[in-house]
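What's in final_20.txt: compact mmCIF, C-alpha atoms
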```txt
# COMPACT_ATOMS: atom_id res chain seq x y z
CA MET A 3 0.00 0.00 0.00
CA LEU A 4 0.96 3.61 -0.51
CA ASN A 5 0.61 6.05 2.37
CA LYS A 6 -3.08 6.14 3.31
CA VAL A 7 -3.20 9.67 4.75
CA PRO A 8 -2.00 13.11 3.57
CA VAL A 9 1.78 13.00 3.31
CA VAL A 10 2.35 16.75 3.12
CA ILE A 11 0.58 18.68 5.87
CA THR A 12 -0.46 21.93 4.20
CA ILE A 13 -2.50 24.87 5.47
CA PHE A 14 -5.47 23.29 3.67
CA PHE A 15 -5.17 20.24 5.93
CA TRP A 16 -5.67 22.39 9.03
CA ILE A 17 -8.44 24.46 7.48
CA ILE A 18 -10.42 21.35 6.58
CA LYS A 19 -9.63 19.77 9.95
CA ILE A 20 -10.97 22.79 11.87
CA MET A 21 -14.04 23.04 9.64
CA ALA A 22 -14.67 19.30 9.96
CA THR A 23 -14.48 19.73 13.72
CA THR A 24 -16.99 22.58 13.59
CA VAL A 25 -19.31 20.53 11.39
CA GLY A 26 -18.98 17.65 13.83
CA GLU A 27 -20.17 19.88 16.66
CA THR A 28 -23.00 21.60 14.77
CA ALA A 29 -24.18 18.46 12.96
CA ALA A 30 -24.41 16.51 16.20
CA ASP A 31 -26.42 19.33 17.77
CA PHE A 32 -28.67 19.60 14.69
CA LEU A 33 -29.52 15.88 14.59
CA ASN A 34 -29.84 15.54 18.33
CA MET A 35 -31.81 18.71 19.11
CA ASN A 36 -33.31 20.21 15.96
CA LEU A 37 -34.44 16.92 14.43
CA LYS A 38 -34.99 15.49 17.92
CA TRP A 39 -33.32 12.19 17.13
CA GLY A 40 -31.89 12.03 20.62
CA LEU A 41 -28.32 11.15 21.52
CA THR A 42 -28.78 7.40 21.22
CA ASN A 43 -30.35 7.39 17.74
CA THR A 44 -27.94 10.03 16.47
CA THR A 45 -24.99 8.02 17.77
CA LEU A 46 -26.22 4.79 16.15
CA VAL A 47 -26.86 6.38 12.75
CA MET A 48 -23.58 8.32 12.61
CA SER A 49 -21.58 5.35 13.88
CA GLY A 50 -23.09 3.22 11.13
CA LEU A 51 -22.11 5.78 8.48
CA LEU A 52 -18.62 5.97 9.96
CA LEU A 53 -18.19 2.18 9.80
CA ILE A 54 -19.26 2.15 6.14
CA THR A 55 -16.80 4.93 5.32
CA MET A 56 -14.04 3.19 7.25
CA PHE A 57 -14.66 0.05 5.21
CA PHE A 58 -13.84 1.95 2.04
CA GLN A 59 -10.95 3.81 3.69
CA PHE A 60 -9.25 0.59 4.81
CA ARG A 61 -10.04 -1.10 1.50
CA SER A 62 -8.32 1.65 -0.47
CA LYS A 63 -4.64 1.12 -1.32
CA LYS A 64 -3.73 4.79 -1.30
CA TYR A 65 -4.81 8.18 0.03
CA VAL A 66 -8.13 9.23 -1.54
CA PRO A 67 -9.05 12.77 -0.37
CA ARG A 68 -12.84 12.42 -0.58
CA ILE A 69 -12.88 9.17 1.41
CA TYR A 70 -10.28 10.31 3.93
CA TRP A 71 -11.97 13.63 4.72
CA LEU A 72 -15.44 12.09 4.85
CA ALA A 73 -14.03 9.75 7.49
CA VAL A 74 -12.61 12.73 9.41
CA VAL A 75 -15.94 14.57 9.32
CA LEU A 76 -17.86 11.50 10.50
CA ILE A 77 -15.34 10.58 13.19
CA SER A 78 -15.55 14.16 14.48
CA VAL A 79 -19.32 13.72 14.83
CA VAL A 80 -18.97 10.33 16.53
CA GLY A 81 -16.20 11.56 18.82
CA THR A 82 -18.43 14.43 19.90
CA LEU A 83 -21.34 12.07 20.51
CA VAL A 84 -19.23 9.66 22.57
CA THR A 85 -18.41 12.44 25.02
CA ASP A 86 -21.97 13.80 24.96
CA ASN A 87 -23.37 10.35 25.76
CA LEU A 88 -21.05 9.91 28.72
CA VAL A 89 -21.89 13.34 30.10
CA ASP A 90 -25.62 13.62 29.31
CA ASN A 91 -26.82 10.00 29.38
CA PHE A 92 -24.53 8.53 32.00
CA GLY A 93 -23.83 11.59 34.13
CA VAL A 94 -20.03 11.41 33.90
CA ALA A 95 -18.44 14.75 34.81
CA LEU A 96 -16.58 16.68 32.10
CA LEU A 97 -13.39 16.61 34.18
CA THR A 98 -13.66 12.82 34.45
CA THR A 99 -14.25 12.35 30.72
CA THR A 100 -11.28 14.62 29.97
CA ILE A 101 -9.05 12.48 32.18
CA ILE A 102 -10.45 9.22 30.74
CA PHE A 103 -9.83 10.21 27.12
CA SER A 104 -6.41 11.65 27.96
CA PHE A 105 -5.33 8.26 29.30
CA ALA A 106 -7.04 6.46 26.39
CA LEU A 107 -5.11 8.59 23.89
CA LEU A 108 -1.82 8.10 25.74
CA ALA A 109 -2.45 4.35 25.87
CA THR A 110 -3.11 4.32 22.12
CA PHE A 111 0.12 6.18 21.41
CA ALA A 112 2.05 3.86 23.75
CA ALA A 113 0.68 0.73 22.06
CA TRP A 114 1.28 2.24 18.60
CA TYR A 115 4.89 3.10 19.39
CA ALA A 116 5.58 -0.22 21.11
CA SER A 117 4.30 -2.06 18.05
CA GLU A 118 5.60 0.14 15.22
CA LYS A 119 8.46 2.15 16.81
CA THR A 120 7.04 5.33 15.31
CA LEU A 121 4.05 7.65 15.59
CA SER A 122 4.76 9.37 12.30
CA ILE A 123 1.84 10.01 9.95
CA HIS A 124 4.26 9.75 7.00
CA SER A 125 4.37 5.97 7.19
CA ILE A 126 0.71 4.90 7.38
CA TYR A 127 1.06 2.15 4.79
CA THR A 128 0.04 -0.92 6.79
CA THR A 129 -3.38 -1.87 8.15
CA LYS A 130 -2.10 -1.97 11.72
CA ARG A 131 -0.64 1.52 11.54
CA GLU A 132 -3.81 2.86 9.97
CA ALA A 133 -5.91 1.29 12.74
CA TYR A 134 -3.77 3.00 15.38
CA TYR A 135 -3.99 6.26 13.43
CA TRP A 136 -7.80 6.32 13.31
CA LEU A 137 -8.16 5.17 16.91
CA ALA A 138 -5.89 8.03 17.99
CA ILE A 139 -7.95 10.48 15.93
CA LEU A 140 -11.18 9.24 17.51
CA PHE A 141 -9.76 9.83 20.99
CA THR A 142 -8.44 13.29 20.02
CA PHE A 143 -11.97 14.29 19.02
CA ALA A 144 -13.53 12.84 22.16
CA LEU A 145 -10.83 14.44 24.34
CA GLY A 146 -11.13 17.76 22.53
CA THR A 147 -14.90 17.75 23.05
CA ALA A 148 -14.58 17.03 26.76
CA ALA A 149 -11.78 19.56 27.35
CA GLY A 150 -13.47 22.22 25.22
CA ASP A 151 -16.80 21.85 27.01
CA LEU A 152 -15.05 21.79 30.37
CA ILE A 153 -13.43 25.14 29.69
CA ALA A 154 -16.25 26.84 27.74
CA GLU A 155 -19.12 25.68 29.95
CA GLY A 156 -17.69 24.21 33.12
CA LEU A 157 -15.41 27.20 33.72
CA ASN A 158 -17.90 29.68 32.18
CA MET A 159 -15.38 31.17 29.74
CA GLY A 160 -17.88 31.42 26.92
CA TYR A 161 -17.49 30.41 23.29
CA TRP A 162 -15.43 33.20 21.75
CA LYS A 163 -13.03 33.44 24.68
CA SER A 164 -12.49 29.68 24.53
CA ALA A 165 -11.86 29.89 20.78
CA LEU A 166 -9.28 32.63 21.30
CA MET A 167 -7.56 30.69 24.05
CA PHE A 168 -7.24 27.52 21.96
CA ALA A 169 -6.14 29.58 18.94
CA ALA A 170 -3.39 31.08 21.10
CA LEU A 171 -2.29 27.59 22.21
CA ILE A 172 -2.18 26.46 18.58
CA GLY A 173 -0.08 29.54 17.82
CA ILE A 174 2.35 28.61 20.60
CA VAL A 175 2.74 25.08 19.18
CA THR A 176 3.31 26.55 15.71
CA ILE A 177 6.02 28.89 16.98
CA ALA A 178 7.62 26.08 18.98
CA TYR A 179 7.76 23.93 15.84
CA TYR A 180 9.09 26.52 13.39
CA ARG A 181 11.24 28.58 15.73
CA PHE A 182 12.43 26.15 18.40
CA LYS A 183 12.36 22.93 16.35
CA LEU A 184 9.74 21.10 18.40
CA ASN A 185 9.54 17.46 17.31
CA ALA A 186 7.32 17.27 14.23
CA VAL A 187 5.30 14.25 15.38
CA LEU A 188 4.67 15.76 18.82
CA ALA A 189 3.74 19.12 17.30
CA PHE A 190 1.30 17.49 14.89
CA TRP A 191 -0.61 15.53 17.52
CA ILE A 192 -0.74 18.42 20.00
CA ALA A 193 -2.12 20.65 17.25
CA TYR A 194 -4.56 17.94 16.21
CA ILE A 195 -5.92 17.75 19.75
CA LEU A 196 -6.14 21.54 20.16
CA THR A 197 -7.93 22.14 16.85
CA ARG A 198 -10.83 20.04 18.12
CA PRO A 199 -11.92 22.35 20.98
CA PHE A 200 -10.99 25.38 18.85
CA GLY A 201 -13.29 24.24 16.04
CA ALA A 202 -16.03 23.29 18.48
CA SER A 203 -15.88 26.64 20.27
CA LEU A 204 -15.90 28.40 16.90
CA GLY A 205 -18.89 26.35 15.77
CA ASP A 206 -20.80 27.06 18.96
CA TYR A 207 -20.01 30.77 18.70
CA LEU A 208 -21.32 30.92 15.12
CA SER A 209 -24.38 28.72 15.60
CA GLN A 210 -25.69 29.51 19.08
CA PRO A 211 -28.30 32.28 19.55
CA ARG A 212 -27.18 35.73 20.57
CA HIS A 213 -28.70 35.49 24.04
CA ALA A 214 -26.48 32.44 24.63
CA GLY A 215 -23.33 34.26 23.55
CA GLY A 216 -23.27 33.24 19.87
CA LEU A 217 -23.82 34.95 16.51
CA GLY A 218 -27.11 33.18 15.84
CA LEU A 219 -26.27 31.62 12.44
CA GLY A 220 -27.86 28.37 13.55
CA THR A 221 -26.58 24.81 13.19
CA VAL A 222 -27.98 24.47 9.65
CA GLY A 223 -26.39 27.67 8.36
CA THR A 224 -23.03 27.03 10.01
CA SER A 225 -22.89 23.40 8.84
CA ALA A 226 -23.89 24.33 5.28
CA ILE A 227 -21.25 27.07 4.95
CA PHE A 228 -18.47 24.87 6.27
CA LEU A 229 -19.52 21.76 4.34
CA VAL A 230 -19.52 23.67 1.05
CA THR A 231 -16.07 25.08 1.86
CA ILE A 232 -14.78 21.61 2.76
CA LEU A 233 -16.17 20.24 -0.52
CA PHE A 234 -14.37 22.86 -2.62
CA LEU A 235 -11.10 22.30 -0.77
CA ILE A 236 -11.34 18.52 -1.25
CA ILE A 237 -11.93 19.04 -4.99
CA TYR A 238 -8.87 21.30 -5.04
CA LEU A 239 -6.71 18.74 -3.23
CA THR A 240 -7.95 15.95 -5.49
CA LYS A 241 -6.97 17.88 -8.61
CA THR A 242 -3.66 19.34 -7.44
CA ARG A 243 -2.46 16.46 -5.19
CA ILE A 244 -0.34 18.96 -3.29
CA ASP A 245 -0.72 16.90 -0.11
CA ASP A 246 0.09 13.60 -1.79
CA PRO A 247 3.33 13.52 -3.82
CA SER A 248 4.00 10.60 -6.11
CA PRO A 249 5.85 7.55 -4.73
CA ALA A 250 8.91 8.56 -6.79
CA GLU A 251 8.99 12.03 -5.23
CA GLU A 252 8.37 10.65 -1.77
```
Would you mind writing the file's structure down as structure tokens?
Amino acid sequence: MLNKVPVVITIFFWIIKIMATTVGETAADFLNMNLKWGLTNTTLVMSGLLLITMFFQFRSKKYVPRIYWLAVVLISVVGTLVTDNLVDNFGVALLTTTIIFSFALLATFAAWYASEKTLSIHSIYTTKREAYYWLAILFTFALGTAAGDLIAEGLNMGYWKSALMFAALIGIVTIAYYRFKLNAVLAFWIAYILTRPFGASLGDYLSQPRHAGGLGLGTVGTSAIFLVTILFLIIYLTKTRIDDPSPAEE
């Protein structure tokens, strides 16, 4: 197999990642509250769609942008719902879920490294490595949801202040990577975790009504804007292949 994920991490990767995170937050809220599916039904439906997409992702022998990013969007929804189910249906505190998913993510990284001797995303060309990769991503979304909600709601920071705080943290990681040569793998995964609560806080700020501290665009409007943008960026990446050099170039 060729590498199954984007080899070159461009600015478009992070833009789509943040927007996918926002869509995950707003779509989960739309299905759960607006359509009144409830957390359980929403979780079952979205998990089923994720499993179908993962079937095609694992079956593919190379990185296919439309399949890969559909999987990211769906796993962002499911990761959000996992945390929401623990908090709302089972009464688990946000602090507890944050700790649980932190240990789950660390355990995934430990098992991945013990098995493969690397956590690099530039060598996802075996089924085992891809399984570790997607499991880590699932836990980053669940952890980001729990940590983001803990800060925005549990600590009463509000949506836009939370978004600014996480944006600042992402900026610090970026500076540490480019200026102080922070390890690339470590920088990537820290940024991947932080973009989850940043995107969620941004999505809540855009979609929530004004009296709740948002801009009042609604979950439908916010999801539609971001989904259309994601679609155009995926078409661009598919045509240019700027995030997937040929095997000879690699």
Between A:Leu152, A:Leu51, A:Ala202, A:Met56, which has the minimum distance to Trp136 (chain A) (counting all atoms listed in the file)?
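That would be A:Met56, the residue with the smallest distance to Trp136 (chain A).
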Please determine, counting all atoms listed in the file, which residue among A:Tyr115, A:Phe143, A:Phe200, A:Trp71 has the shortest atom-to-atom distance to Lys130 (chain A).
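Selected residue with least distance to Lys130 (chain A): A:Tyr115.
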Let me make sure I understand: among A:Ala29, A:Ala133, A:Met159, A:Ala144, which one has the smallest atom-to-atom distance to Gly81 (chain A) if we use only C-alpha atoms?
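Among A:Ala29, A:Ala133, A:Met159, A:Ala144, it is A:Ala144 that comes nearest to Gly81 (chain A).
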Mind giving me the straight-line distance from CA of Tyr238 (chain A) to CA of Pro199 (chain A) in Å, one decimal?
26.2 Å
Excluding same-chain residues fewer than 5 positions from region 203-207 of chain A, what lies within 8 Å of it counting all atoms listed in the file, as a ChimeraX atom specification?
/A:24-25,27-28,150,154,161-162,164-165,215-217,224
Include C-alpha atoms and write out the residues we just selected as a tab-separated table (two decimals), in the coordinates of the input.
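Output file selection.tsv is given in full below:
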```tsv
chain	number	residue	atom	x	y	z
A	24	THR	CA	-16.99	22.58	13.59
A	25	VAL	CA	-19.31	20.53	11.39
A	27	GLU	CA	-20.17	19.88	16.66
A	28	THR	CA	-23.00	21.60	14.77
A	150	GLY	CA	-13.47	22.22	25.22
A	154	ALA	CA	-16.25	26.84	27.74
A	161	TYR	CA	-17.49	30.41	23.29
A	162	TRP	CA	-15.43	33.20	21.75
A	164	SER	CA	-12.49	29.68	24.53
A	165	ALA	CA	-11.86	29.89	20.78
A	215	GLY	CA	-23.33	34.26	23.55
A	216	GLY	CA	-23.27	33.24	19.87
A	217	LEU	CA	-23.82	34.95	16.51
A	224	THR	CA	-23.03	27.03	10.01
```
Nearest to Arg243 (chain A): which of A:Phe57, A:Phe32, A:Tyr65, A:Phe228 is it, counting only C-alpha atoms?
A:Tyr65
Just give me the residues with any atom within 10 Å of (-21.3, 26.9, 7.1), file coordinates, counting all atoms listed in the file, written as number ranges by chain.
A: 21, 24-25, 28, 205, 208-209, 219-232
List the neighbours of Leu137 (chain A) out to 10 Å using only C-alpha atoms; skip same-chain residues closer than 3 positions along the sequence, and give me the result as a PDB file with C-alpha atoms, keeping the file's coordinate frame.
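Here's the written file around-v7.pdb:
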```pdb
ATOM      1  CA  ILE A  77     -15.340  10.580  13.190  1.00  0.00           C
ATOM      2  CA  ALA A 106      -7.040   6.460  26.390  1.00  0.00           C
ATOM      3  CA  LEU A 107      -5.110   8.590  23.890  1.00  0.00           C
ATOM      4  CA  THR A 110      -3.110   4.320  22.120  1.00  0.00           C
ATOM      5  CA  PHE A 111       0.120   6.180  21.410  1.00  0.00           C
ATOM      6  CA  ARG A 131      -0.640   1.520  11.540  1.00  0.00           C
ATOM      7  CA  GLU A 132      -3.810   2.860   9.970  1.00  0.00           C
ATOM      8  CA  ALA A 133      -5.910   1.290  12.740  1.00  0.00           C
ATOM      9  CA  TYR A 134      -3.770   3.000  15.380  1.00  0.00           C
ATOM     10  CA  LEU A 140     -11.180   9.240  17.510  1.00  0.00           C
ATOM     11  CA  PHE A 141      -9.760   9.830  20.990  1.00  0.00           C
ATOM     12  CA  THR A 142      -8.440  13.290  20.020  1.00  0.00           C
TER      13      THR A 142
END
```
Work out how far CA of Thr12 (chain A) is from CA of Asp245 (chain A), in Å to one decimal.
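Calculated distance between CA of Asp245 (chain A) and CA of Thr12 (chain A) is 6.6 Å.
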Separation of CA of Val9 (chain A) from CA of Leu184 (chain A) in Å
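According to the coordinates, CA of Leu184 (chain A) and CA of Val9 (chain A) are separated by 18.9 Å.
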Compile the contact shell of Gly26 (chain A) as a ChimeraX atom specification: residues with an atom at most 8 Å away, counting only C-alpha atoms, same-chain residues fewer than 6 positions apart removed.
/A:75-80,82,202
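When all atoms listed in the file are used to compute distances to Ile69 (chain A), the closest of the residues A:Ser122, A:Gln210, A:Ser49, A:Thr55 turns out to be A:Thr55.
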Of the residues A:Val74, A:Lys183, A:Ile177, A:Met167, which is the one nearest to Thr23 (chain A), using all atoms listed in the file?
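Ranked by minimum distance to Thr23 (chain A), first place goes to A:Val74.
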Would you mind listing what lies within 7 Å of Ile20 (chain A) as a list in words, with only C-alpha atoms counted and same-chain residues fewer than 4 positions away left out?
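Everything that qualifies: Trp16, Thr24, Thr197, Arg198 and Gly201 of chain A.
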Residue completion, region 145-167 of chain A, N, CA, C and O atoms, as a CSV table (one decimal), in the coordinates of the input:
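out_34.csv was written with the following content:
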```csv
chain,number,residue,atom,x,y,z
A,145,LEU,N,-11.5,13.7,23.3
A,145,LEU,CA,-10.8,14.4,24.3
A,145,LEU,C,-11.0,15.9,24.1
A,145,LEU,O,-11.3,16.7,25.0
A,146,GLY,N,-10.9,16.3,22.8
A,146,GLY,CA,-11.1,17.8,22.5
A,146,GLY,C,-12.5,18.3,22.9
A,146,GLY,O,-12.7,19.4,23.4
A,147,THR,N,-13.5,17.4,22.7
A,147,THR,CA,-14.9,17.8,23.0
A,147,THR,C,-15.0,17.9,24.6
A,147,THR,O,-15.6,18.9,25.0
A,148,ALA,N,-14.5,17.0,25.3
A,148,ALA,CA,-14.6,17.0,26.8
A,148,ALA,C,-13.8,18.2,27.3
A,148,ALA,O,-14.3,19.0,28.1
A,149,ALA,N,-12.6,18.4,26.8
A,149,ALA,CA,-11.8,19.6,27.4
A,149,ALA,C,-12.4,20.9,26.9
A,149,ALA,O,-12.4,21.9,27.7
A,150,GLY,N,-12.9,21.0,25.7
A,150,GLY,CA,-13.5,22.2,25.2
A,150,GLY,C,-14.7,22.6,26.0
A,150,GLY,O,-14.9,23.7,26.4
A,151,ASP,N,-15.6,21.6,26.2
A,151,ASP,CA,-16.8,21.8,27.0
A,151,ASP,C,-16.5,22.2,28.5
A,151,ASP,O,-17.2,23.0,29.1
A,152,LEU,N,-15.5,21.5,29.0
A,152,LEU,CA,-15.0,21.8,30.4
A,152,LEU,C,-14.6,23.3,30.5
A,152,LEU,O,-15.0,23.9,31.5
A,153,ILE,N,-13.9,23.8,29.6
A,153,ILE,CA,-13.4,25.1,29.7
A,153,ILE,C,-14.5,26.2,29.3
A,153,ILE,O,-14.7,27.1,30.0
A,154,ALA,N,-15.2,25.9,28.2
A,154,ALA,CA,-16.2,26.8,27.7
A,154,ALA,C,-17.5,26.9,28.6
A,154,ALA,O,-18.0,28.0,28.9
A,155,GLU,N,-17.9,25.7,29.2
A,155,GLU,CA,-19.1,25.7,30.0
A,155,GLU,C,-18.8,25.5,31.4
A,155,GLU,O,-19.4,26.2,32.3
A,156,GLY,N,-18.0,24.5,31.7
A,156,GLY,CA,-17.7,24.2,33.1
A,156,GLY,C,-17.0,25.3,33.8
A,156,GLY,O,-17.3,25.6,35.0
A,157,LEU,N,-16.1,26.1,33.1
A,157,LEU,CA,-15.4,27.2,33.7
A,157,LEU,C,-16.0,28.5,33.3
A,157,LEU,O,-15.5,29.6,33.6
A,158,ASN,N,-17.1,28.5,32.6
A,158,ASN,CA,-17.9,29.7,32.2
A,158,ASN,C,-17.1,30.7,31.4
A,158,ASN,O,-17.2,31.9,31.6
A,159,MET,N,-16.2,30.2,30.5
A,159,MET,CA,-15.4,31.2,29.7
A,159,MET,C,-16.2,31.7,28.5
A,159,MET,O,-15.8,32.8,28.0
A,160,GLY,N,-17.2,31.0,28.1
A,160,GLY,CA,-17.9,31.4,26.9
A,160,GLY,C,-17.2,30.9,25.6
A,160,GLY,O,-16.1,30.5,25.7
A,161,TYR,N,-18.0,31.0,24.5
A,161,TYR,CA,-17.5,30.4,23.3
A,161,TYR,C,-16.3,31.2,22.7
A,161,TYR,O,-15.3,30.6,22.3
A,162,TRP,N,-16.5,32.5,22.5
A,162,TRP,CA,-15.4,33.2,21.8
A,162,TRP,C,-14.1,33.3,22.5
A,162,TRP,O,-13.0,33.3,22.0
A,163,LYS,N,-14.2,33.4,23.9
A,163,LYS,CA,-13.0,33.4,24.7
A,163,LYS,C,-12.3,32.1,24.6
A,163,LYS,O,-11.1,32.0,24.6
A,164,SER,N,-13.1,31.0,24.6
A,164,SER,CA,-12.5,29.7,24.5
A,164,SER,C,-11.8,29.5,23.2
A,164,SER,O,-10.7,29.0,23.1
A,165,ALA,N,-12.5,30.0,22.1
A,165,ALA,CA,-11.9,29.9,20.8
A,165,ALA,C,-10.5,30.6,20.7
A,165,ALA,O,-9.5,30.2,20.2
A,166,LEU,N,-10.5,31.8,21.3
A,166,LEU,CA,-9.3,32.6,21.3
A,166,LEU,C,-8.2,31.9,22.1
A,166,LEU,O,-7.0,32.0,21.7
A,167,MET,N,-8.5,31.3,23.2
A,167,MET,CA,-7.6,30.7,24.0
A,167,MET,C,-6.9,29.5,23.3
A,167,MET,O,-5.7,29.3,23.3
```
